[in-house]
>>> print(open('my_file-v5.pdb').read())   # PDB, C-alpha atoms
ATOM      1  CA  MET S   1     117.157  98.142 107.244
ATOM      2  CA  ASP S   2     117.861 101.541 105.748
ATOM      3  CA  ILE S   3     115.696 103.764 107.989
ATOM      4  CA  SER S   4     115.176 106.142 105.030
ATOM      5  CA  ILE S   5     112.882 103.549 103.441
ATOM      6  CA  ALA S   6     110.614 103.642 106.475
ATOM      7  CA  SER S   7     110.472 107.443 106.275
ATOM      8  CA  SER S   8     110.149 107.739 102.502
ATOM      9  CA  ALA S   9     107.557 105.043 101.878
ATOM     10  CA  MET S  10     104.460 103.422 103.307
ATOM     11  CA  LEU S  11     102.485 100.250 102.821
ATOM     12  CA  VAL S  12      99.132 100.275 101.077
ATOM     13  CA  ASP S  13      96.797  97.309 101.315
ATOM     14  CA  LEU S  14      94.076  97.347  98.645
ATOM     15  CA  ASN S  15      91.316  94.736  98.630
ATOM     16  CA  ILE S  16      88.700  94.646  95.891
ATOM     17  CA  ASN S  17      86.072  91.923  95.983
ATOM     18  CA  SER S  18      83.588  91.479  93.208
ATOM     19  CA  TRP S  19      80.927  89.061  92.027
ATOM     20  CA  THR S  20      81.346  87.314  88.697
ATOM     21  CA  ALA S  21      77.939  85.591  88.867
ATOM     22  CA  ASN S  22      79.350  82.580  87.040
ATOM     23  CA  VAL S  23      78.010  79.353  88.493
ATOM     24  CA  THR S  24      78.196  75.687  87.593
ATOM     25  CA  ASP S  25      74.961  74.243  86.227
ATOM     26  CA  ARG S  26      75.058  70.782  87.745
ATOM     27  CA  GLY S  27      71.952  69.622  85.915
ATOM     28  CA  ILE S  28      73.252  70.472  82.439
ATOM     29  CA  SER S  29      76.699  69.165  83.392
ATOM     30  CA  ASP S  30      75.190  65.819  84.404
ATOM     31  CA  GLU S  31      73.155  65.672  81.186
ATOM     32  CA  ILE S  32      76.274  66.162  79.062
ATOM     33  CA  ASN S  33      78.304  63.658  81.064
ATOM     34  CA  ASP S  34      75.509  61.073  80.795
ATOM     35  CA  THR S  35      74.925  61.717  77.084
ATOM     36  CA  LYS S  36      78.616  61.552  76.234
ATOM     37  CA  ASN S  37      79.295  58.686  78.634
ATOM     38  CA  THR S  38      82.223  60.544  80.188
ATOM     39  CA  LYS S  39      84.347  59.116  82.966
ATOM     40  CA  ALA S  40      84.714  60.845  86.333
ATOM     41  CA  ARG S  41      82.156  63.493  85.356
ATOM     42  CA  ALA S  42      84.636  65.159  83.005
ATOM     43  CA  ALA S  43      82.391  67.940  81.700
ATOM     44  CA  LYS S  44      81.322  71.005  83.665
ATOM     45  CA  VAL S  45      79.008  73.695  82.316
ATOM     46  CA  THR S  46      79.430  77.203  83.695
ATOM     47  CA  LYS S  47      76.696  79.744  83.078
ATOM     48  CA  ASN S  48      76.709  83.505  83.340
ATOM     49  CA  LEU S  49      73.693  84.493  85.438
ATOM     50  CA  PHE S  50      73.517  87.890  83.754
ATOM     51  CA  ALA S  51      74.416  87.008  80.183
ATOM     52  CA  GLY S  52      71.896  89.546  78.901
ATOM     53  CA  THR S  53      73.690  92.612  80.296
ATOM     54  CA  SER S  54      77.210  93.992  80.519
ATOM     55  CA  LEU S  55      76.651  95.897  83.789
ATOM     56  CA  LEU S  56      78.270  93.218  85.935
ATOM     57  CA  SER S  57      81.072  92.315  83.533
ATOM     58  CA  ASP S  58      81.897  96.033  83.236
ATOM     59  CA  ILE S  59      82.417  96.179  87.007
ATOM     60  CA  ASN S  60      84.744  93.190  86.884
ATOM     61  CA  LYS S  61      86.715  94.706  84.003
ATOM     62  CA  PHE S  62      86.965  97.967  85.901
ATOM     63  CA  ASP S  63      88.229  96.091  88.970
ATOM     64  CA  ALA S  64      90.946  94.487  86.854
ATOM     65  CA  ARG S  65      91.921  97.924  85.572
ATOM     66  CA  ILE S  66      92.200  99.265  89.132
ATOM     67  CA  ARG S  67      94.370  96.328  90.216
ATOM     68  CA  LEU S  68      96.741  96.829  87.273
ATOM     69  CA  TRP S  69      96.994 100.537  88.023
ATOM     70  CA  HIS S  70      97.654  99.792  91.718
ATOM     71  CA  GLN S  71     100.477  97.416  90.804
ATOM     72  CA  SER S  72     101.983  99.964  88.415
ATOM     73  CA  GLN S  73     102.101 102.616  91.150
ATOM     74  CA  THR S  74     103.604 100.429  93.878
ATOM     75  CA  LEU S  75     106.337  97.907  94.539
ATOM     76  CA  PRO S  76     105.994  94.335  95.818
ATOM     77  CA  TRP S  77     106.370  93.910  99.557
ATOM     78  CA  ALA S  78     104.606  90.902 101.008
ATOM     79  CA  ASP S  79     103.821  87.816  98.950
ATOM     80  CA  ARG S  80     100.211  88.917  99.116
ATOM     81  CA  GLY S  81      98.423  91.994 100.339
ATOM     82  CA  ALA S  82     100.313  95.180 101.146
ATOM     83  CA  ARG S  83     102.596  96.828  98.606
ATOM     84  CA  LEU S  84     105.168  99.598  98.958
ATOM     85  CA  LEU S  85     104.106 103.128  98.021
ATOM     86  CA  ALA S  86     106.498 106.070  97.873
ATOM     87  CA  SER S  87     105.518 108.898 100.205
ATOM     88  CA  SER S  88     106.236 111.399  97.433
ATOM     89  CA  GLY S  89     103.571 109.745  95.296
ATOM     90  CA  PHE S  90     100.954 109.429  98.047
ATOM     91  CA  PHE S  91      98.717 112.378  97.147
ATOM     92  CA  GLU S  92      98.585 111.498  93.457
ATOM     93  CA  TYR S  93      97.904 107.866  94.332
ATOM     94  CA  LYS S  94      95.195 108.723  96.875
ATOM     95  CA  GLN S  95      93.515 111.157  94.491
ATOM     96  CA  MET S  96      93.356 108.568  91.720
ATOM     97  CA  LEU S  97      92.265 105.829  94.114
ATOM     98  CA  SER S  98      89.403 108.015  95.350
ATOM     99  CA  TYR S  99      88.375 108.652  91.748
ATOM    100  CA  TYR S 100      88.350 104.924  90.998
ATOM    101  CA  GLU S 101      86.433 104.228  94.203
ATOM    102  CA  ALA S 102      83.744 106.758  93.278
ATOM    103  CA  GLN S 103      83.465 105.492  89.697
ATOM    104  CA  ARG S 104      83.177 101.914  90.864
ATOM    105  CA  GLY S 105      80.634 102.878  93.499
ATOM    106  CA  ASP S 106      78.439 104.409  90.797
ATOM    107  CA  MET S 107      78.706 101.260  88.677
ATOM    108  CA  VAL S 108      77.800  98.993  91.588
ATOM    109  CA  GLN S 109      74.858 101.233  92.492
ATOM    110  CA  ARG S 110      73.503 101.062  88.929
ATOM    111  CA  PHE S 111      73.700  97.278  89.016
ATOM    112  CA  TYR S 112      72.007  97.192  92.425
ATOM    113  CA  ASP S 113      69.202  99.541  91.358
ATOM    114  CA  GLN S 114      68.438  97.399  88.297
ATOM    115  CA  TYR S 115      68.973  94.034  89.979
ATOM    116  CA  ASP S 116      65.352  92.864  90.093
ATOM    117  CA  ASP S 117      64.786  93.776  86.444
ATOM    118  CA  LEU S 118      68.051  92.093  85.444
ATOM    119  CA  VAL S 119      67.013  88.863  87.160
ATOM    120  CA  LYS S 120      63.753  88.878  85.183
ATOM    121  CA  GLU S 121      65.636  89.583  81.964
ATOM    122  CA  ALA S 122      68.017  86.722  82.738
ATOM    123  CA  GLU S 123      65.064  84.340  82.882
ATOM    124  CA  ASN S 124      64.323  85.143  79.243
ATOM    125  CA  VAL S 125      67.963  84.970  78.200
ATOM    126  CA  LEU S 126      68.892  81.711  79.958
ATOM    127  CA  GLY S 127      65.683  79.833  79.206
ATOM    128  CA  ASP S 128      65.668  76.394  80.815
ATOM    129  CA  MET S 129      69.053  77.097  82.406
ATOM    130  CA  TRP S 130      67.514  79.798  84.610
ATOM    131  CA  ILE S 131      67.144  78.719  88.242
ATOM    132  CA  ALA S 132      65.645  81.137  90.744
ATOM    133  CA  SER S 133      67.779  79.865  93.632
ATOM    134  CA  ASP S 134      70.954  80.909  91.785
ATOM    135  CA  TYR S 135      70.086  84.539  92.473
ATOM    136  CA  PRO S 136      70.635  85.881  96.006
ATOM    137  CA  ASP S 137      68.187  88.273  97.575
ATOM    138  CA  LYS S 138      68.778  91.882  96.592
ATOM    139  CA  SER S 139      69.568  92.762 100.215
ATOM    140  CA  GLN S 140      72.708  90.609  99.975
ATOM    141  CA  ILE S 141      74.051  92.021  96.705
ATOM    142  CA  LEU S 142      76.124  94.916  97.988
ATOM    143  CA  HIS S 143      78.038  92.528 100.292
ATOM    144  CA  ASN S 144      79.578  91.025  97.147
ATOM    145  CA  PHE S 145      81.278  94.291  96.184
ATOM    146  CA  ASN S 146      83.869  95.351  98.733
ATOM    147  CA  PHE S 147      86.419  98.097  98.169
ATOM    148  CA  ARG S 148      88.782  98.515 101.104
ATOM    149  CA  TYR S 149      92.225 100.011 101.512
ATOM    150  CA  SER S 150      94.516 101.032 104.332
ATOM    151  CA  PHE S 151      97.834 102.830 104.624
ATOM    152  CA  LEU S 152     100.370 101.557 107.114
ATOM    153  CA  PRO S 153     103.899 102.573 108.115
ATOM    154  CA  VAL S 154     106.804 100.456 106.938
ATOM    155  CA  PRO S 155     107.887  98.478 110.009
ATOM    156  CA  THR S 156     111.431  98.551 111.350
ATOM    157  CA  SER S 157     113.298  96.195 113.644
ATOM    158  CA  GLY S 158     112.815  98.757 116.409
ATOM    159  CA  ASP S 159     109.125  97.900 116.393
ATOM    160  CA  PHE S 160     109.743  94.670 118.305
ATOM    161  CA  ARG S 161     108.172  94.830 121.754
ATOM    162  CA  VAL S 162     108.656  91.348 123.175
ATOM    163  CA  ASP S 163     110.425  90.080 126.258
ATOM    164  CA  VAL S 164     112.756  87.403 124.920
ATOM    165  CA  GLY S 165     116.091  88.469 126.323
ATOM    166  CA  ASN S 166     118.799  90.591 124.732
ATOM    167  CA  GLU S 167     120.442  87.814 122.704
ATOM    168  CA  ALA S 168     117.166  86.569 121.243
ATOM    169  CA  MET S 169     116.048  90.154 120.551
ATOM    170  CA  GLU S 170     119.208  90.864 118.568
ATOM    171  CA  GLU S 171     118.659  87.680 116.541
ATOM    172  CA  LEU S 172     115.059  88.661 115.818
ATOM    173  CA  LYS S 173     116.121  92.129 114.724
ATOM    174  CA  LYS S 174     118.843  90.683 112.506
ATOM    175  CA  GLN S 175     116.415  88.284 110.825
ATOM    176  CA  PHE S 176     113.870  91.054 110.424
ATOM    177  CA  ASP S 177     116.367  93.437 108.826
ATOM    178  CA  GLU S 178     117.589  90.724 106.468
ATOM    179  CA  GLU S 179     114.014  89.978 105.400
ATOM    180  CA  VAL S 180     113.256  93.651 104.802
ATOM    181  CA  GLU S 181     116.480  94.111 102.827
ATOM    182  CA  SER S 182     115.465  91.130 100.698
ATOM    183  CA  ARG S 183     112.087  92.696 100.011
ATOM    184  CA  ILE S 184     113.704  95.989  99.082
ATOM    185  CA  ARG S 185     116.018  94.182  96.649
ATOM    186  CA  ASN S 186     112.970  92.509  95.115
ATOM    187  CA  GLY S 187     111.407  95.935  94.737
ATOM    188  CA  VAL S 188     114.491  97.305  92.987
ATOM    189  CA  GLU S 189     114.547  94.293  90.671
ATOM    190  CA  ASP S 190     110.872  94.915  89.912
ATOM    191  CA  ILE S 191     111.639  98.511  88.896
ATOM    192  CA  TYR S 192     114.518  97.481  86.651
ATOM    193  CA  GLY S 193     112.312  94.798  85.134
ATOM    194  CA  ARG S 194     109.620  97.316  84.251
ATOM    195  CA  LEU S 195     112.158  99.669  82.715
ATOM    196  CA  ARG S 196     113.858  96.889  80.776
ATOM    197  CA  ASP S 197     110.573  95.524  79.438
ATOM    198  CA  SER S 198     109.503  98.961  78.218
ATOM    199  CA  LEU S 199     112.856  99.657  76.547
ATOM    200  CA  VAL S 200     113.008  96.255  74.860
ATOM    201  CA  HIS S 201     109.388  96.539  73.719
ATOM    202  CA  MET S 202     110.045  99.906  72.110
ATOM    203  CA  SER S 203     113.299  98.785  70.543
ATOM    204  CA  THR S 204     111.571  95.766  69.003
ATOM    205  CA  LYS S 205     108.704  97.862  67.663
ATOM    206  CA  LEU S 206     111.148 100.268  66.025
ATOM    207  CA  GLU S 207     113.137  97.628  64.172
ATOM    208  CA  GLU S 208     113.338  97.991  60.410
ATOM    209  CA  ASP S 209     110.474  96.535  58.437
ATOM    210  CA  THR S 210     111.960  93.385  56.936
ATOM    211  CA  ALA S 211     109.193  90.791  56.948
ATOM    212  CA  PRO S 212     107.428  90.795  53.546
ATOM    213  CA  GLY S 213     103.713  91.417  53.408
ATOM    214  CA  PRO S 214     101.181  89.845  51.000
ATOM    215  CA  ASP S 215     102.372  92.185  48.240
ATOM    216  CA  GLY S 216     106.001  91.143  48.685
ATOM    217  CA  LYS S 217     106.973  94.505  50.137
ATOM    218  CA  PRO S 218     108.304  95.002  53.676
ATOM    219  CA  LYS S 219     105.413  94.874  56.093
ATOM    220  CA  LYS S 220     105.090  97.942  58.276
ATOM    221  CA  LYS S 221     104.988  97.339  62.000
ATOM    222  CA  ARG S 222     102.097  98.876  63.840
ATOM    223  CA  ILE S 223     103.059 101.627  66.244
ATOM    224  CA  HIS S 224     100.342 102.537  68.726
ATOM    225  CA  ASP S 225     100.014 105.703  70.768
ATOM    226  CA  SER S 226     100.084 103.575  73.918
ATOM    227  CA  MET S 227     103.741 102.696  73.310
ATOM    228  CA  ILE S 228     104.749 106.305  73.943
ATOM    229  CA  THR S 229     102.146 107.165  76.567
ATOM    230  CA  ASN S 230     102.884 104.023  78.586
ATOM    231  CA  ALA S 231     106.609 104.798  78.497
ATOM    232  CA  ARG S 232     105.985 108.360  79.676
ATOM    233  CA  ASP S 233     103.752 107.120  82.484
ATOM    234  CA  LEU S 234     106.418 104.638  83.536
ATOM    235  CA  CYS S 235     109.054 107.364  83.696
ATOM    236  CA  ASP S 236     106.768 109.444  85.916
ATOM    237  CA  VAL S 237     106.113 106.506  88.244
ATOM    238  CA  LEU S 238     109.765 105.486  88.509
ATOM    239  CA  LYS S 239     110.608 108.998  89.662
ATOM    240  CA  HIS S 240     108.758 108.136  92.886
ATOM    241  CA  LEU S 241     109.518 104.428  93.156
ATOM    242  CA  ASN S 242     113.309 104.740  93.182
ATOM    243  CA  LEU S 243     113.243 104.568  96.990
ATOM    244  CA  THR S 244     116.879 103.543  97.309
ATOM    245  CA  GLN S 245     117.960 106.563  95.253
ATOM    246  CA  ASP S 246     119.775 104.289  92.836
ATOM    247  CA  PRO S 247     121.807 106.722  90.634
ATOM    248  CA  LYS S 248     122.033 104.273  87.734
ATOM    249  CA  LEU S 249     118.286 103.810  87.672
ATOM    250  CA  GLU S 250     117.630 107.544  87.846
ATOM    251  CA  ALA S 251     120.126 108.271  85.065
ATOM    252  CA  ALA S 252     118.511 105.655  82.828
ATOM    253  CA  ARG S 253     115.049 106.960  83.669
ATOM    254  CA  ARG S 254     116.058 110.517  82.777
ATOM    255  CA  ARG S 255     117.520 109.417  79.453
ATOM    256  CA  PHE S 256     114.427 107.389  78.623
ATOM    257  CA  ASN S 257     112.167 110.245  79.688
ATOM    258  CA  MET S 258     113.990 112.656  77.367
ATOM    259  CA  VAL S 259     113.653 110.251  74.455
ATOM    260  CA  VAL S 260     109.938 109.551  74.792
ATOM    261  CA  ASN S 261     109.090 113.208  75.394
ATOM    262  CA  SER S 262     111.007 114.389  72.337
ATOM    263  CA  VAL S 263     108.983 112.413  69.812
ATOM    264  CA  ASP S 264     105.356 111.626  69.039
ATOM    265  CA  THR S 265     103.677 108.599  67.526
ATOM    266  CA  GLU S 266     102.982 110.197  64.154
ATOM    267  CA  ASP S 267     106.675 111.013  63.650
ATOM    268  CA  LEU S 268     107.530 107.382  64.373
ATOM    269  CA  LYS S 269     104.886 106.146  61.956
ATOM    270  CA  GLN S 270     105.808 108.450  59.109
ATOM    271  CA  SER S 271     109.594 108.653  59.280
ATOM    272  CA  GLU S 272     111.992 105.734  59.070
ATOM    273  CA  GLU S 273     114.776 108.154  59.959
ATOM    274  CA  VAL S 274     113.039 109.113  63.206
ATOM    275  CA  ARG S 275     112.360 105.472  64.057
ATOM    276  CA  SER S 276     115.995 104.598  63.464
ATOM    277  CA  LYS S 277     117.233 107.511  65.595
ATOM    278  CA  VAL S 278     114.917 106.713  68.508
ATOM    279  CA  LYS S 279     115.757 103.003  68.354
ATOM    280  CA  SER S 280     119.457 103.844  68.458
ATOM    281  CA  GLU S 281     118.920 105.960  71.571
ATOM    282  CA  ILE S 282     116.846 103.251  73.229
ATOM    283  CA  ASP S 283     119.434 100.577  72.451
ATOM    284  CA  ASP S 284     122.143 102.860  73.814
ATOM    285  CA  ILE S 285     120.271 103.152  77.135
ATOM    286  CA  LEU S 286     119.979  99.375  77.327
ATOM    287  CA  SER S 287     123.677  98.956  76.580
ATOM    288  CA  GLN S 288     125.116 101.841  78.579
ATOM    289  CA  PHE S 289     123.255 101.041  81.775
ATOM    290  CA  ASN S 290     123.323  97.268  81.260
ATOM    291  CA  ILE S 291     119.627  97.047  81.934
TER     292      ILE S 291
END
>>> encode(input="my_file-v5.pdb", output="structure tokens")
Amino acid sequence: MDISIASSAMLVDLNINSWTANVTDRGISDEINDTKNTKARAAKVTKNLFAGTSLLSDINKFDARIRLWHQSQTLPWADRGARLLASSGFFEYKQMLSYYEAQRGDMVQRFYDQYDDLVKEAENVLGDMWIASDYPDKSQILHNFNFRYSFLPVPTSGDFRVDVGNEAMEELKKQFDEEVESRIRNGVEDIYGRLRDSLVHMSTKLEEDTAPGPDGKPKKKRIHDSMITNARDLCDVLKHLNLTQDPKLEAARRRFNMVVNSVDTEDLKQSEEVRSKVKSEIDDILSQFNI
């Protein structure tokens, strides 16, 4: 393995556990199956224990947002669990992670503080579907909301400390290095995939308006601010994630970064000339770098 990867990156393992409070109502499910004469108990009714409030669903949505952000800032490493984080991006990552952790902690605390009242409110909302035993004791609630992370060094073949003989040790090291190289290649492919998807998305959005609308005139494509902001964010992230110092990737990133920072959404919305110019530049990046 290229030792520079071990010195320029680390592994981060982020685990977020939450409680959806969605449970199967076996009684209602059985009623429906009996009424409809289903075979093999085909119907299953799932109920939301806190349908009368958004406090819990907001936590779950926030968790999903954190996971997406975490994936955007890191590269795949293991099939599950730890992902690769560039050392140069550590402080920004840790600062944002701490912010998310604090925000989530506040949300969980609000839910916990109101738990008893929410259970009573749920009884009114769910009616006959409310079952007291569905709701755990308040003392157990916080155990359903874990937020854990750890930072670990990227292992190298020199980390082996087993007594298997020189020949076997060399074979183990060889297999290890090959596996790590494979993971690094997957990481590079992931980066190129992100860049390609963003370029293609923008190119498609900037195509000429040809499809007719209800009035028979060309229908304008919607251009959202997120198209530009997401592209800028990607360029910032890729600056750190290019761990192999791939010159082609960096050149393409720089070109893309110049394009998206030289234009704003309103210009794209108002001017066909600007849209055409930016699309041409985007297409040129795709073609020139064969992304």
>>> resolve_selection(input="my_file-v5.pdb", expression="the PyMOL selection byres ((chain S and resi 41) around 12)", output="list in words")
Arg26, Gly27, Ile28, Ser29, Asp30, Glu31, Ile32, Asn33, Asp34, Thr35, Lys36, Asn37, Thr38, Lys39, Ala40, Ala42, Ala43, Lys44 and Val45 of chain S
>>> atom_distance(input="my_file-v5.pdb", atom1="CA of Lys239 in chain S", atom2="CA of Gly89 in chain S")
9.0 Å
>>> residues_around(input="my_file-v5.pdb", residues="Val23 in chain S", least_positions_apart="3", cutoff="10 Å", atoms="all atoms listed in the file", output="list in words")
Thr20, Arg26, Val45, Thr46, Lys47, Asn48, Leu49 and Asp134 of chain S
>>> resolve_selection(input="my_file-v5.pdb", expression="the PyMOL selection byres ((chain S and resi 236) around 12)", output="number ranges by chain")
S: 72-73, 88-89, 92, 195, 229-235, 237-242, 250, 253-254, 256-258, 260-261
>>> residues_around(input="my_file-v5.pdb", residues="range 280-284 of chain S", least_positions_apart="3", cutoff="9 Å", atoms="only C-alpha atoms", output="PyMOL selection string")
chain S and resi 199-200+202-203+255-256+259+275-277+287-289
>>> resolve_selection(input="my_file-v5.pdb", expression="the PyMOL selection byres ((chain S and resi 21) around 12)", output="PyMOL selection string")
chain S and resi 18-20+22-24+46-51+53-57+59-60+119+122+134-136+141+144-145
>>> atom_distance(input="my_file-v5.pdb", atom1="CA of Asp246 in chain S", atom2="CA of Arg196 in chain S")
15.3 Å
>>> atom_distance(input="my_file-v5.pdb", atom1="CA of Leu85 in chain S", atom2="CA of Asn15 in chain S")
15.3 Å
>>> residues_around(input="my_file-v5.pdb", residues="Ile5 in chain S", least_positions_apart="4", cutoff="8 Å", atoms="only C-alpha atoms", output="ChimeraX atom specification")
/S:1,9,154,243-244
>>> residues_around(input="my_file-v5.pdb", residues="Lys205 in chain S", least_positions_apart="6", cutoff="12 Å", atoms="only C-alpha atoms", output="list of chain:residue names")
S:Ser198, S:Leu199, S:Lys220, S:Lys221, S:Arg222, S:Ile223, S:His224, S:Met227, S:Ile228, S:Thr265, S:Leu268, S:Lys269, S:Arg275, S:Ser276, S:Val278, S:Lys279, S:Ile282
>>> residues_around(input="my_file-v5.pdb", residues="Glu123 in chain S", least_positions_apart="5", cutoff="10 Å", atoms="all atoms listed in the file", output="list in words")
Leu49, Phe50, Gly52, Leu118, Asp128, Met129, Trp130, Ile131 and Ala132 of chain S
>>> residues_near_point(input="my_file-v5.pdb", point="(94.4, 106.4, 92.1)", cutoff="12 Å", atoms="only C-alpha atoms", output="ChimeraX atom specification")
/S:12,14,65-74,85,89-103,149
>>> residues_near_point(input="my_file-v5.pdb", point="(80.7, 97.0, 96.1)", cutoff="8 Å", atoms="all atoms listed in the file", output="list in words")
Asn17, Ser18, Arg104, Gly105, Val108, Leu142, His143, Asn144, Phe145, Asn146 and Phe147 of chain S
>>> axis_aligned_box(input="my_file-v5.pdb", around="range 267-283 of chain S", padding_each_side="8 Å", output="JSON")
{"center_x": 112.2, "center_y": 105.8, "center_z": 66.1, "size_x": 30.6, "size_y": 26.4, "size_z": 30.2}
>>> closest_residue(input="my_file-v5.pdb", among="S:Ile285, S:Val180, S:Ala6, S:Leu126", to="Leu249 in chain S", atoms="only C-alpha atoms")
S:Ile285
